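See structure below.
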Amino acid sequence: MFRFSVLFIAVSAALGAAAHADEAQIQPTVQVTASRVAETVDQTLADVSVITRQEIDASVARDVIDLLRLEAGIDLYRTGGAGQQTSLFLRGTNTNQVLVLIDGVRAASANTGAFAFEQLPLDAVERIEIVRGPRASYWGSDAIGGVIQIFTRKLEGPRVALGYGSYRDADGSAGIGHWAGANGYSVQVGARHVGGFSATNPGICNGPNDPYCSYDPDNDGYRNTNLAARGAYTLGNQILSAALFRNQGQVQFDQGYSNIIEQTAGVNLEGELSANWSHRLSLGNAREDLNTPTYTTLYLTRRNSLLWQNEFRLDENQHVVAGIDLVHDHGETRDTSTNLPQYRDSRDNRALFAGWRGTFGALDSEVSVRHDDNSEFGGANTGSLALGWRINDLLRIYANTGQGFRSPTLNEQFSPGYGGYFAGNPNLRPERSRSSELGLEFAPSANQRIKANLYSTRIRDLIDFAGPKNQAENVARAKIDGAELSYQISQGPWSARASYTWNDPRNEDTASVLLRRAKQKVSGVLERRFGERFSGGTEIVHVGPRADYGDVNLPAYTLVNLRARYELNHAWSLSARIENLTDRDYELVHGYNTPGRSGFLDIVWQPD
């Protein structure tokens, strides 16, 4: 199957060899994450990719895992089916070393530092921007591996969608929106109910007589309801906007179930203050509640943020972005049998940041710095430098280097642990990193794009639970080297994209490979339109062997997925997806099951 994956890339390249100049162009997509200001993908000096709403619709994907696994530099694992815990590794870094934003608001838990990707309903998403490499000098803590920003749905008119598929997976959404320039609103509600399959298998047990084995062959289901709303109104030369995302779910596991609430909200005022000065004033709030009655535990986190960002245009080729970033985190854990807190703590982070971007002929340059002052561990200074050279209209090379850090989570600092074991440590230092990257972008024609990147990251003061009582300590170092190659083409009714990732993430002290991260990955999508109404495509993902806990080595696997979409008329469309066409038996985590061959059908009403 690996040879088949390589053949897929070869077919894509063959399409490129026959490309003509009058074919559809691959347009650079506007994104705002990398440097906090709007710029196109071919302008930014970072490695950026964007998953648009059109691509989400074409994929007929049920989960964000089905989309992100196709992206270069991303490894994912999930402990079972829909709704089960999902973690993401970006360029080999830990899941809590990737900053996740929803409509500009930090969305990860202040207790665990991780974002629950499994709770994200794709129908509520407008687009996903992925920035690889450290962005701490702009965004602060957590942006060691990169930044993933999720923008919620912006509807134009009414929309209703229904879907059903394998494992009794039923979902639906309904919404409406109207926009006139910058003014408008969009509201959508949705729900999903999955009967599921057993999340675990006997491999989770340490032998047949393991007294602590949690294996139970019953189906572990999932259900959620969600809301995505946004609106904007023009006040003179200022735009007042707001966005709200809320997801409430219940996921079953072998011992019971967990109830989860995730919510982000933001209010923004932005616009021109003078001819060369624009600003953005943002208030944000994030909430996560995780209640597991089986263990009588309730985790609560609240985050409030205030950002004032300013952009100064020095001339046509230079601008400066600078701002103030304030964040207040609060977290607590309660024993629900007594409703008494096990710990309850807060902390504040105050930051100043500034970045300069200049273009001088064929040379692009960028410098950025940031100072964070945290009420618990003190200060953190970060900076980055990037240079790009457009050799001609077809070829550009760029290089960047930057620092990053991750603040200890509230659990790592304050948790009392369990009988003194796995307790937090208020004296923890932040994890710190230094990364370098060399990138190349080549566009041999308007309908082709080739990208290649080499990167290296070193991380120190990694936090782990060590010592006689496994207390949180800064004890480890990591080194991560890697390369990414991607290709994209659009030719007549055909389109294709493919990527190859080589990644070597290691514990620098023991030279052991970091767990659950593949050394090699190949992915690709080949799609064709048949007339104006019908399109069909194939997805291929090949993931190499990965190490897991207990000296387990997870074998390589290859997945083949099929997808199709038919537009019945100007308002109705029908979509279908077959996952794991070859019914491959594989594991993302040792002892946990993955879906077999499965199918899904969606019908959507959305008039033009």
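Each chain in the structure tokens gets a letter, A, B and so on, in the order shown; residues start at 1 in every chain, and ligands are counted from 1 in the order they appear.
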
Each residue of range 515-534 of chain A with at least one atom at most 6 Å from range 475-497 of chain A should appear once, together with its nearest atom pair and the corresponding distance in Å (one decimal); atoms considered: only C-alpha atoms; ordering: chain, then increasing residue number; output as JSON lines.
{"residue": "A:Gly524", "atom": "CA", "partner": "A:Arg497", "partner_atom": "CA", "distance": 5.5}
{"residue": "A:Val525", "atom": "CA", "partner": "A:Arg497", "partner_atom": "CA", "distance": 5.4}
{"residue": "A:Leu526", "atom": "CA", "partner": "A:Ala496", "partner_atom": "CA", "distance": 4.4}
{"residue": "A:Glu527", "atom": "CA", "partner": "A:Ser495", "partner_atom": "CA", "distance": 5.3}
{"residue": "A:Arg528", "atom": "CA", "partner": "A:Trp494", "partner_atom": "CA", "distance": 4.5}
{"residue": "A:Arg529", "atom": "CA", "partner": "A:Pro493", "partner_atom": "CA", "distance": 4.9}

> Excluding same-chain residues fewer than 3 positions from range 122-132 of chain A, what lies within 8 Å of it counting only C-alpha atoms, as a PyMOL selection string?
Replying inline: chain A and resi 31+33-34+46-53+56+61-64+90-91+145-154+173+188+190+226-228

Check range 255-449 of chain A with DSSP on the backbone and list each residue it calls strand (DSSP E), as JSON, numbers by chain. {"A": [256, 257, 258, 259, 260, 261, 262, 263, 264, 265, 266, 267, 268, 269, 270, 271, 272, 273, 274, 277, 278, 279, 280, 281, 282, 283, 284, 285, 286, 287, 288, 289, 290, 291, 292, 297, 298, 299, 300, 301, 302, 303, 304, 305, 306, 307, 308, 309, 310, 311, 312, 313, 314, 315, 318, 319, 320, 321, 322, 323, 324, 325, 326, 327, 328, 329, 330, 331, 332, 333, 334, 335, 340, 341, 342, 343, 344, 345, 346, 347, 348, 349, 350, 351, 352, 353, 354, 355, 356, 357, 358, 359, 360, 363, 364, 365, 366, 367, 368, 369, 370, 371, 372, 373, 374, 378, 379, 380, 381, 382, 383, 384, 385, 386, 387, 388, 389, 390, 395, 396, 397, 398, 399, 400, 401, 402, 403, 404, 405, 406, 431, 432, 433, 434, 435, 436, 437, 438, 439, 440, 441, 442, 448, 449]}

Among A:Asp551, A:Val321, A:Gln255, A:Asn268, Thr294 in chain A is approached most closely, using only C-alpha atoms, by A:Gln255

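The two atoms in question, CA of Lys519 in chain A and CA of Tyr586 in chain A, are spaced 17.0 Å apart.
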
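Each of A:Glu567, A:Ala518, A:Glu311, A:Tyr343 was compared to Thr297 in chain A using only C-alpha atoms, and A:Tyr343 turns out to be the nearest.
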
Tyr566 in chain A environment, 6 Å, only C-alpha atoms, sequence neighbours closer than 3 positions dropped, as a PyMOL selection string
chain A and resi 533-534+573-574

One residue among A:Leu314, A:Leu298, A:Leu240, A:Ala191 is nearest to Ser282 in chain A when using only C-alpha atoms, and that residue is A:Leu240

In terms of only C-alpha atoms, the residue from A:Gly140, A:Ala242, A:Asn209, A:Pro416 at minimal distance from Asn374 in chain A is A:Gly140

Closest of A:Arg223, A:Arg458, A:Arg287, A:Arg36 to Gly402 in chain A, counting only C-alpha atoms, is A:Arg458

Tell me which protein, DNA and RNA residues are within 9 Å of range 245-250 of chain A, counting only C-alpha atoms, leaving out same-chain ones fewer than 5 positions away, and put them as a short mmCIF file (atom, residue, chain, number, x, y, z; two decimals) with N, CA and C atoms, in the first residue's frame.
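Dumped everything to result.cif:
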data_model
loop_
_atom_site.label_atom_id
_atom_site.label_comp_id
_atom_site.auth_asym_id
_atom_site.auth_seq_id
_atom_site.Cartn_x
_atom_site.Cartn_y
_atom_site.Cartn_z
N GLY A 83 -16.06 11.12 19.28
CA GLY A 83 -16.15 11.70 20.61
C GLY A 83 -15.07 11.27 21.57
N ILE A 102 -10.26 29.68 18.46
CA ILE A 102 -11.56 29.67 17.79
C ILE A 102 -12.01 31.12 17.67
N ASP A 103 -12.08 31.60 16.43
CA ASP A 103 -12.42 33.01 16.16
C ASP A 103 -11.53 33.95 16.95
N GLN A 119 -14.47 17.18 20.02
CA GLN A 119 -15.73 17.86 20.29
C GLN A 119 -16.10 18.89 19.23
N LEU A 120 -15.26 19.07 18.23
CA LEU A 120 -15.48 20.12 17.24
C LEU A 120 -16.42 19.63 16.14
N PRO A 121 -17.63 20.21 16.01
CA PRO A 121 -18.54 19.81 14.93
C PRO A 121 -18.14 20.49 13.62
N ALA A 124 -20.07 23.35 11.86
CA ALA A 124 -20.03 24.71 12.41
C ALA A 124 -18.77 25.46 12.01
N THR A 152 -15.57 29.96 12.82
CA THR A 152 -16.90 29.36 12.78
C THR A 152 -17.68 29.84 11.57
N GLY A 221 -20.87 5.17 22.78
CA GLY A 221 -21.51 6.15 21.91
C GLY A 221 -21.13 7.58 22.24
N TYR A 222 -21.71 8.47 21.47
CA TYR A 222 -21.40 9.90 21.60
C TYR A 222 -22.59 10.71 21.10
N ARG A 223 -22.84 11.81 21.78
CA ARG A 223 -23.86 12.74 21.28
C ARG A 223 -23.48 14.16 21.68
N ASN A 224 -23.91 15.12 20.86
CA ASN A 224 -23.65 16.52 21.19
C ASN A 224 -24.68 17.42 20.54
N THR A 225 -24.76 18.64 21.05
CA THR A 225 -25.51 19.73 20.44
C THR A 225 -24.57 20.92 20.37
N ASN A 226 -24.75 21.76 19.36
CA ASN A 226 -23.82 22.87 19.18
C ASN A 226 -24.50 24.09 18.60
N LEU A 227 -23.86 25.23 18.81
CA LEU A 227 -24.36 26.52 18.34
C LEU A 227 -23.17 27.33 17.86
N ALA A 228 -23.31 27.92 16.67
CA ALA A 228 -22.31 28.86 16.15
C ALA A 228 -23.05 30.11 15.67
N ALA A 229 -22.70 31.24 16.24
CA ALA A 229 -23.39 32.49 15.91
C ALA A 229 -22.37 33.61 15.78
N ARG A 230 -22.61 34.52 14.85
CA ARG A 230 -21.76 35.68 14.69
C ARG A 230 -22.57 36.82 14.09
N TYR A 257 -19.35 7.49 31.59
CA TYR A 257 -19.48 8.54 30.58
C TYR A 257 -18.97 9.85 31.16
N SER A 258 -18.71 10.79 30.26
CA SER A 258 -18.32 12.15 30.64
C SER A 258 -19.22 13.15 29.93
N ASN A 259 -19.61 14.19 30.65
CA ASN A 259 -20.34 15.31 30.06
C ASN A 259 -19.38 16.47 29.86
N ILE A 260 -19.44 17.08 28.69
CA ILE A 260 -18.46 18.10 28.32
C ILE A 260 -19.18 19.33 27.78
N ILE A 261 -18.76 20.50 28.24
CA ILE A 261 -19.21 21.78 27.69
C ILE A 261 -17.97 22.55 27.26
N GLU A 262 -17.96 22.99 26.00
CA GLU A 262 -16.91 23.86 25.48
C GLU A 262 -17.55 25.10 24.89
N GLN A 263 -16.99 26.25 25.22
CA GLN A 263 -17.60 27.49 24.75
C GLN A 263 -16.53 28.56 24.57
N THR A 264 -16.61 29.30 23.48
CA THR A 264 -15.78 30.49 23.28
C THR A 264 -16.68 31.63 22.84
N ALA A 265 -16.35 32.83 23.27
CA ALA A 265 -17.10 34.02 22.89
C ALA A 265 -16.14 35.19 22.76
#

Can you tell me which residues surround Arg406 in chain A at a distance of at most 6 Å, considering only C-alpha atoms, apart from same-chain residues fewer than 4 positions away, and format the answer as a PDB file with N, CA and C atoms, in the first residue's frame?
ATOM      1  N   SER A 141       2.267  31.937  24.768  1.00  0.00           N
ATOM      2  CA  SER A 141       2.407  30.556  25.206  1.00  0.00           C
ATOM      3  C   SER A 141       1.729  29.570  24.263  1.00  0.00           C
ATOM      4  N   ASP A 142       2.293  28.363  24.211  1.00  0.00           N
ATOM      5  CA  ASP A 142       1.755  27.175  23.542  1.00  0.00           C
ATOM      6  C   ASP A 142       2.125  27.072  22.068  1.00  0.00           C
ATOM      7  N   PRO A 430       8.529  27.403  32.628  1.00  0.00           N
ATOM      8  CA  PRO A 430       7.895  27.117  31.330  1.00  0.00           C
ATOM      9  C   PRO A 430       8.820  26.303  30.439  1.00  0.00           C
ATOM     10  N   GLU A 431       8.240  25.469  29.603  1.00  0.00           N
ATOM     11  CA  GLU A 431       9.002  24.789  28.572  1.00  0.00           C
ATOM     12  C   GLU A 431       9.439  25.820  27.531  1.00  0.00           C
TER      13      GLU A 431
END

Might you pull out every residue within 9 Å of Ala174 in chain A, with only C-alpha atoms counted and same-chain residues fewer than 5 positions away left off, and present them as an MDAnalysis selection string? chainID A and resid 158:162 187:190
